[in-house]
>>> print(open('entry_29.txt').read())   # compact mmCIF, C-alpha atoms and all ligand atoms
# COMPACT_ATOMS: atom_id res chain seq x y z
CA MET A 16 127.53 155.11 68.65
CA ASN A 17 126.18 152.01 66.96
CA ARG A 18 128.70 150.08 64.85
CA ILE A 19 126.49 150.38 61.75
CA ASN A 20 126.24 154.17 61.92
CA LYS A 21 129.94 154.44 62.60
CA LYS A 22 130.71 152.27 59.56
CA PHE A 23 128.52 154.33 57.23
CA GLU A 24 130.03 157.55 58.54
CA ASN A 25 133.54 156.32 57.83
CA LEU A 26 132.59 155.05 54.39
CA GLN A 27 130.92 158.34 53.49
CA LEU A 28 134.00 160.29 54.55
CA ASN A 29 135.99 158.20 52.07
CA ASN A 30 133.31 158.40 49.39
CA GLN A 31 132.83 154.65 49.50
CA LYS A 32 129.75 152.47 49.30
CA ALA A 33 128.99 149.76 51.83
CA PHE A 34 129.22 146.15 50.77
CA ILE A 35 126.81 144.07 52.86
CA GLY A 36 127.17 140.29 52.65
CA TYR A 37 124.58 137.75 53.77
CA ILE A 38 125.20 134.19 54.97
CA THR A 39 122.90 131.76 56.74
CA ALA A 40 124.03 130.98 60.29
CA GLY A 41 124.80 127.29 60.79
CA ASP A 42 125.20 126.33 57.13
CA PRO A 43 126.93 123.89 57.23
CA ASN A 44 127.76 124.46 60.94
CA LEU A 45 128.48 127.36 63.30
CA ASP A 46 132.25 126.91 63.42
CA LYS A 47 132.24 127.44 59.68
CA THR A 48 129.87 130.40 60.02
CA GLU A 49 132.38 132.10 62.32
CA GLU A 50 135.17 131.48 59.80
CA PHE A 51 132.99 132.80 56.98
CA VAL A 52 132.35 136.04 58.89
CA TYR A 53 136.10 136.64 59.14
CA ALA A 54 136.62 135.75 55.48
CA LEU A 55 133.82 138.10 54.45
CA GLU A 56 135.37 140.93 56.41
CA GLU A 57 138.88 140.23 55.13
CA GLY A 58 137.54 140.19 51.56
CA GLY A 59 136.12 143.69 52.03
CA THR A 60 132.60 143.20 53.46
CA HIS A 61 131.63 146.20 55.60
CA ILE A 62 128.54 144.77 57.26
CA VAL A 63 127.68 141.10 57.73
CA GLU A 64 124.06 139.98 57.62
CA LEU A 65 123.50 136.67 59.42
CA GLY A 66 120.34 134.76 58.63
CA ILE A 67 118.66 132.91 61.49
CA PRO A 68 117.19 129.74 59.96
CA PHE A 69 113.43 129.37 60.27
CA SER A 70 111.12 126.55 59.22
CA ASP A 71 108.72 128.76 57.25
CA PRO A 72 110.87 131.47 55.65
CA LEU A 73 108.31 133.20 53.46
CA ALA A 74 110.61 135.80 51.90
CA ASP A 75 113.57 133.49 51.22
CA GLY A 76 114.24 132.27 47.69
CA PRO A 77 115.32 128.70 46.95
CA VAL A 78 119.04 129.17 47.66
CA ILE A 79 118.57 130.77 51.10
CA GLN A 80 115.75 128.37 51.94
CA ALA A 81 117.95 125.37 51.24
CA ALA A 82 120.76 126.88 53.34
CA GLY A 83 118.33 127.37 56.24
CA GLN A 84 117.11 123.81 55.91
CA ARG A 85 120.65 122.45 56.04
CA ALA A 86 121.29 124.46 59.20
CA LEU A 87 118.04 123.29 60.82
CA ASN A 88 118.85 119.67 59.96
CA ALA A 89 122.22 120.13 61.62
CA GLY A 90 120.51 121.20 64.87
CA ILE A 91 120.91 124.98 64.84
CA THR A 92 119.26 126.95 67.67
CA VAL A 93 119.01 130.66 68.46
CA ASP A 94 121.09 130.20 71.63
CA LYS A 95 123.86 128.52 69.68
CA ILE A 96 123.86 131.46 67.25
CA PHE A 97 124.19 133.94 70.15
CA ARG A 98 127.16 131.91 71.39
CA SER A 99 128.77 132.25 67.97
CA VAL A 100 128.15 136.00 68.00
CA MET A 101 130.03 136.15 71.31
CA ASN A 102 132.94 134.24 69.73
CA ILE A 103 132.93 136.55 66.72
CA ARG A 104 132.96 139.62 68.97
CA LYS A 105 136.18 138.42 70.59
CA ASN A 106 137.85 138.80 67.20
CA THR A 107 136.18 141.58 65.24
CA ASP A 108 134.06 144.70 65.43
CA VAL A 109 132.49 144.18 62.01
CA PRO A 110 128.85 145.29 62.21
CA LEU A 111 126.51 142.29 62.47
CA VAL A 112 122.88 142.35 61.45
CA PHE A 113 120.42 139.49 62.01
CA LEU A 114 117.88 138.58 59.35
CA VAL A 115 115.30 137.02 61.63
CA TYR A 116 111.64 136.09 61.26
CA TYR A 117 109.30 137.58 63.85
CA ASN A 118 108.06 134.14 64.86
CA THR A 119 111.53 133.22 66.01
CA ILE A 120 111.62 136.32 68.23
CA ILE A 121 108.18 135.63 69.68
CA ILE A 122 109.04 132.00 70.46
CA TYR A 123 112.32 133.06 72.11
CA GLY A 124 110.60 135.88 74.00
CA LYS A 125 110.79 139.47 72.76
CA GLU A 126 112.55 141.03 75.77
CA ARG A 127 114.91 138.12 76.12
CA PHE A 128 115.81 138.17 72.42
CA ILE A 129 116.53 141.92 72.35
CA LYS A 130 118.54 141.69 75.54
CA ARG A 131 120.68 138.85 74.16
CA CYS A 132 121.30 140.79 70.94
CA GLU A 133 122.47 143.82 72.91
CA GLU A 134 124.61 141.76 75.30
CA THR A 135 126.35 139.68 72.64
CA GLY A 136 127.02 142.50 70.17
CA VAL A 137 124.41 142.23 67.41
CA ASP A 138 124.02 145.68 65.84
CA GLY A 139 120.81 145.50 63.85
CA LEU A 140 117.67 143.51 63.09
CA ILE A 141 115.90 142.95 59.78
CA ILE A 142 112.53 141.30 60.37
CA PRO A 143 110.76 140.57 57.08
CA ASP A 144 107.42 139.43 58.52
CA LEU A 145 106.96 142.12 61.17
CA PRO A 146 103.85 144.20 60.43
CA LEU A 147 104.38 147.94 60.74
CA GLU A 148 101.61 148.09 63.34
CA GLU A 149 103.52 145.80 65.68
CA ARG A 150 106.89 147.44 65.27
CA ASP A 151 106.65 149.82 68.24
CA GLU A 152 106.24 146.97 70.68
CA LEU A 153 109.70 145.83 69.69
CA THR A 154 111.50 149.11 69.08
CA GLU A 155 110.34 150.42 72.46
CA ILE A 156 112.53 147.88 74.19
CA MET A 157 115.53 148.36 71.87
CA ASN A 158 118.43 150.59 72.83
CA TYR A 159 119.30 152.45 69.62
CA GLU A 160 122.86 153.05 70.72
CA LYS A 161 123.31 149.31 70.54
CA LEU A 162 120.66 147.80 68.29
CA CYS A 163 119.15 149.32 65.13
CA PHE A 164 115.85 148.41 63.63
CA ILE A 165 116.46 148.09 59.87
CA PRO A 166 113.26 148.72 57.88
CA LEU A 167 112.49 147.00 54.58
CA VAL A 168 110.91 148.94 51.72
CA ALA A 169 109.77 147.56 48.37
CA PRO A 170 108.91 149.12 45.01
CA THR A 171 105.25 148.82 46.04
CA SER A 172 105.74 150.73 49.34
CA LYS A 173 105.32 154.09 47.54
CA ASP A 174 103.24 156.40 49.78
CA ARG A 175 104.15 154.42 52.88
CA ILE A 176 107.93 154.86 52.52
CA SER A 177 108.14 157.87 54.85
CA LYS A 178 106.12 156.07 57.50
CA ILE A 179 108.19 152.89 57.20
CA VAL A 180 111.55 154.65 57.58
CA GLU A 181 110.40 157.05 60.31
CA GLY A 182 112.46 156.84 63.49
CA CYS A 183 114.78 154.13 62.16
CA LYS A 184 118.53 154.05 62.64
CA GLY A 185 121.22 152.12 60.78
CA PHE A 186 120.10 151.86 57.16
CA VAL A 187 117.03 151.26 55.04
CA TYR A 188 116.90 147.94 53.18
CA CYS A 189 115.45 148.59 49.73
CA VAL A 190 114.23 145.46 48.05
CA SER A 191 115.18 145.71 44.35
CA SER A 192 112.24 143.72 43.07
CA LEU A 193 109.09 142.00 44.19
CA GLY A 194 109.01 138.39 45.28
CA VAL A 195 111.63 136.39 47.10
CA THR A 196 115.41 136.63 47.42
CA GLY A 197 117.62 135.17 44.75
CA GLU A 198 119.51 135.84 41.61
CA LYS A 199 117.57 137.50 38.83
CA SER A 200 118.65 138.84 35.49
CA ASN A 201 116.38 141.91 35.49
CA PHE A 202 115.71 144.48 38.16
CA TYR A 203 112.43 146.28 38.68
CA LYS A 204 112.14 148.55 35.66
CA ASP A 205 111.85 151.86 37.51
CA ILE A 206 114.49 150.92 40.02
CA LYS A 207 116.45 154.14 39.77
CA SER A 208 113.55 156.47 40.44
CA TYR A 209 112.35 154.17 43.21
CA LEU A 210 115.76 154.24 44.93
CA GLN A 211 116.01 158.01 44.50
CA ASP A 212 112.58 158.37 46.06
CA VAL A 213 113.59 156.30 49.11
CA LYS A 214 116.82 158.28 49.40
CA LYS A 215 114.88 161.55 49.42
CA LYS A 216 112.52 160.32 52.12
CA SER A 217 115.05 158.88 54.53
CA ASP A 218 117.66 160.64 56.60
CA ILE A 219 119.69 157.48 57.16
CA PRO A 220 121.75 155.56 54.55
CA ILE A 221 119.94 153.28 52.12
CA ALA A 222 121.10 149.93 50.74
CA VAL A 223 119.66 147.80 47.95
CA GLY A 224 119.37 144.01 47.88
CA PHE A 225 117.64 141.10 46.06
CA GLY A 226 119.08 139.68 42.87
CA ILE A 227 122.52 141.29 43.00
CA SER A 228 125.10 138.70 42.00
CA SER A 229 127.89 140.36 40.04
CA LYS A 230 130.16 143.36 39.93
CA GLU A 231 128.14 144.60 36.94
CA ASP A 232 124.93 144.51 39.00
CA ILE A 233 126.67 146.49 41.74
CA LYS A 234 127.97 149.09 39.28
CA LYS A 235 124.47 149.51 37.85
CA LEU A 236 122.94 150.34 41.22
CA GLU A 237 125.58 151.81 43.47
CA ASN A 238 125.26 155.43 42.35
CA ASP A 239 121.77 155.69 43.75
CA VAL A 240 122.44 154.07 47.14
CA ASP A 241 124.86 154.03 50.08
CA GLY A 242 125.28 150.27 50.06
CA VAL A 243 124.52 147.01 48.26
CA ILE A 244 123.51 143.66 49.73
CA VAL A 245 124.46 140.28 48.25
CA GLY A 246 123.04 137.02 49.64
CA SER A 247 122.22 134.06 47.40
CA ALA A 248 125.32 134.53 45.24
CA ILE A 249 127.56 134.26 48.33
CA VAL A 250 125.68 131.23 49.68
CA ASN A 251 126.07 129.59 46.26
CA GLU A 252 129.76 130.40 46.13
CA ILE A 253 130.32 128.87 49.58
CA ARG A 254 128.62 125.67 48.40
CA ALA A 255 130.52 125.57 45.14
CA SER A 256 133.89 125.96 46.85
CA LYS A 257 132.91 123.52 49.64
CA GLY A 258 133.34 126.12 52.35
CA ASP A 259 136.90 127.11 51.42
CA THR A 260 137.49 130.38 53.28
CA ILE A 261 140.38 131.54 51.07
CA LYS A 262 138.21 131.16 47.99
CA LEU A 263 135.39 133.00 49.75
CA LYS A 264 137.66 135.90 50.60
CA GLU A 265 138.86 136.10 47.00
CA TYR A 266 135.32 135.93 45.70
CA ILE A 267 134.24 138.82 47.92
CA ALA A 268 137.29 140.88 46.98
CA GLY A 269 136.39 140.31 43.33
CA LEU A 270 132.82 141.48 43.88
CA CYS A 271 133.47 144.60 45.88
CA GLY A 272 137.02 145.53 44.92
O1 LIG B 1 119.77 136.60 48.00
P1 LIG B 1 119.79 137.95 47.39
O2 LIG B 1 118.88 138.02 46.21
O3 LIG B 1 121.20 138.40 47.10
O4 LIG B 1 119.16 138.97 48.44
C1 LIG B 1 119.71 139.18 49.76
C2 LIG B 1 118.96 138.37 50.75
O5 LIG B 1 119.15 137.01 50.46
C3 LIG B 1 119.10 138.58 52.24
O6 LIG B 1 119.20 139.90 52.60
C4 LIG B 1 117.86 137.92 52.80
C5 LIG B 1 117.75 136.61 53.16
N1 LIG B 1 116.48 136.34 53.55
C6 LIG B 1 115.74 137.46 53.44
C7 LIG B 1 114.38 137.69 53.69
C8 LIG B 1 113.87 138.96 53.47
C9 LIG B 1 114.69 139.98 53.02
C10 LIG B 1 116.05 139.78 52.77
C11 LIG B 1 116.58 138.51 52.97
>>> encode(input="entry_29.txt", output="structure tokens")
Amino acid sequence: MNRINKKFENLQLNNQKAFIGYITAGDPNLDKTEEFVYALEEGGTHIVELGIPFSDPLADGPVIQAAGQRALNAGITVDKIFRSVMNIRKNTDVPLVFLVYYNTIIIYGKERFIKRCEETGVDGLIIPDLPLEERDELTEIMNYEKLCFIPLVAPTSKDRISKIVEGCKGFVYCVSSLGVTGEKSNFYKDIKSYLQDVKKKSDIPIAVGFGISSKEDIKKLENDVDGVIVGSAIVNEIRASKGDTIKLKEYIAGLCG
């Protein structure tokens, strides 16, 4: 069974919610990224989302964009990231999900990209710019026992939610608000009914992300979902503590403990 499904099953048995933490691969370098993955897990992160830096990241807010730029300036490549995944897999079975733009996959070669994910131990893909119409082309070549396609739904998805989540494994990524990633003080006003609607329409776990940056935010949302996703706040914390892994671990434990 896929590591993501296994993780959610275990969490549900213990009545626990998943904490999903995002970092950008290669910010400030890949050795540090590997250390951050371990620190995230030790702090209590259940699933790690690794962002693959891209030059035109349309859904990324300022914090994630800047992190991607730093990684690109430092010479990050997709092959180097796969090598890091292999290193990580020697040490941990924590589920790993890539946040990757479709352009990156096309440039790398679809078959080749999927194959590398499955070989190295990536468990899921979130692809923010993949049109629904082109999804089958990719999912057809994915082996669901190894690699899950994680769909994104937004408050505006409404009637299309069932179609978007159809046939997906892993979890559904519910965007908490419109726009780009980043810390916000207010969530979409009907967020609860929106999340309940997605939950009703999907037979896999759902997680919410975008603008979650504190324990209070998590408490506000966790009753309506199976997991929460935190990105920009973690990337900021890493910067503020100059990449100190002990501080990162403590920060994560404080958020999800
Ligand atoms: O940064 P936030 O607001 O905590 O949201 C998570 C988000 O950064 C991460 O999941 C992500 C990074 N880039 C994305 C692009 C699209 C969707 C999601 C993402």
>>> atom_distance(input="entry_29.txt", atom1="atom O6 of ligand LIG 1 (chain B)", atom2="atom CA of Glu134 of chain A")
23.4 Å
>>> residues_around(input="entry_29.txt", residues="segment 151-157 of chain A", least_positions_apart="2", cutoff="9 Å", atoms="all atoms listed in the file", output="PDB file with C-alpha atoms, in the coordinates of the input")
ATOM      1  CA  LYS A 125     110.790 139.470  72.760  1.00  0.00           C
ATOM      2  CA  GLU A 126     112.550 141.030  75.770  1.00  0.00           C
ATOM      3  CA  ILE A 129     116.530 141.920  72.350  1.00  0.00           C
ATOM      4  CA  LYS A 130     118.540 141.690  75.540  1.00  0.00           C
ATOM      5  CA  GLU A 133     122.470 143.820  72.910  1.00  0.00           C
ATOM      6  CA  LEU A 147     104.380 147.940  60.740  1.00  0.00           C
ATOM      7  CA  GLU A 148     101.610 148.090  63.340  1.00  0.00           C
ATOM      8  CA  GLU A 149     103.520 145.800  65.680  1.00  0.00           C
ATOM      9  CA  TYR A 159     119.300 152.450  69.620  1.00  0.00           C
ATOM     10  CA  GLU A 160     122.860 153.050  70.720  1.00  0.00           C
ATOM     11  CA  LYS A 161     123.310 149.310  70.540  1.00  0.00           C
ATOM     12  CA  LEU A 162     120.660 147.800  68.290  1.00  0.00           C
ATOM     13  CA  CYS A 163     119.150 149.320  65.130  1.00  0.00           C
ATOM     14  CA  PHE A 164     115.850 148.410  63.630  1.00  0.00           C
TER      15      PHE A 164
END
>>> closest_atom_pairs(input="entry_29.txt", of="chain A", to="ligand LIG 1 (chain B)", cutoff="9 Å", atoms="all atoms listed in the file", output="CSV")
residue,atom,partner,partner_atom,distance
A:Ile35,CA,B:LIG1,O6,8.7
A:Gly36,CA,B:LIG1,O6,8.0
A:Tyr37,CA,B:LIG1,C3,5.7
A:Ile38,CA,B:LIG1,C3,8.0
A:Thr39,CA,B:LIG1,C5,7.9
A:Glu64,CA,B:LIG1,O6,7.0
A:Leu65,CA,B:LIG1,C5,8.5
A:Gly66,CA,B:LIG1,C5,6.3
A:Ile67,CA,B:LIG1,N1,8.9
A:Pro72,CA,B:LIG1,C7,7.4
A:Leu73,CA,B:LIG1,C7,7.6
A:Ala74,CA,B:LIG1,C7,4.6
A:Asp75,CA,B:LIG1,N1,4.7
A:Gly76,CA,B:LIG1,O1,7.0
A:Val78,CA,B:LIG1,O1,7.5
A:Ile79,CA,B:LIG1,C5,6.2
A:Gln80,CA,B:LIG1,N1,8.2
A:Leu114,CA,B:LIG1,N1,6.4
A:Val115,CA,B:LIG1,C7,8.0
A:Tyr116,CA,B:LIG1,C7,8.2
A:Ile141,CA,B:LIG1,C9,7.5
A:Ile142,CA,B:LIG1,C8,7.4
A:Pro143,CA,B:LIG1,C8,5.0
A:Asp144,CA,B:LIG1,C8,8.2
A:Leu167,CA,B:LIG1,C9,7.5
A:Tyr188,CA,B:LIG1,C10,8.2
A:Val190,CA,B:LIG1,C9,7.4
A:Ser191,CA,B:LIG1,O2,8.7
A:Val195,CA,B:LIG1,C8,7.2
A:Thr196,CA,B:LIG1,O2,3.9
A:Gly197,CA,B:LIG1,O2,3.4
A:Glu198,CA,B:LIG1,O2,5.1
A:Lys199,CA,B:LIG1,O2,7.5
A:Val223,CA,B:LIG1,C1,8.8
A:Gly224,CA,B:LIG1,O4,5.1
A:Phe225,CA,B:LIG1,O2,3.3
A:Gly226,CA,B:LIG1,O2,3.7
A:Ile227,CA,B:LIG1,O3,5.2
A:Ser228,CA,B:LIG1,O3,6.4
A:Ile244,CA,B:LIG1,C1,5.9
A:Val245,CA,B:LIG1,O3,3.9
A:Gly246,CA,B:LIG1,O3,3.4
A:Ser247,CA,B:LIG1,O1,3.6
A:Ala248,CA,B:LIG1,O3,6.0
A:Ile249,CA,B:LIG1,O3,7.7
A:Val250,CA,B:LIG1,O1,8.2
>>> atom_distance(input="entry_29.txt", atom1="atom CA of Phe186 of chain A", atom2="atom CA of Ala222 of chain A")
6.8 Å
>>> closest_atom_pairs(input="entry_29.txt", of="segment 132-182 of chain A", to="segment 218-221 of chain A", cutoff="10 Å", atoms="all atoms listed in the file", output="Markdown table")
| residue | atom | partner | partner_atom | distance |
| --- | --- | --- | --- | --- |
| A:Ile165 | CA | A:Ile221 | CA | 10.0 |
| A:Pro166 | CA | A:Ile221 | CA | 9.9 |
| A:Val180 | CA | A:Asp218 | CA | 8.6 |
| A:Glu181 | CA | A:Asp218 | CA | 8.9 |
| A:Gly182 | CA | A:Asp218 | CA | 9.4 |
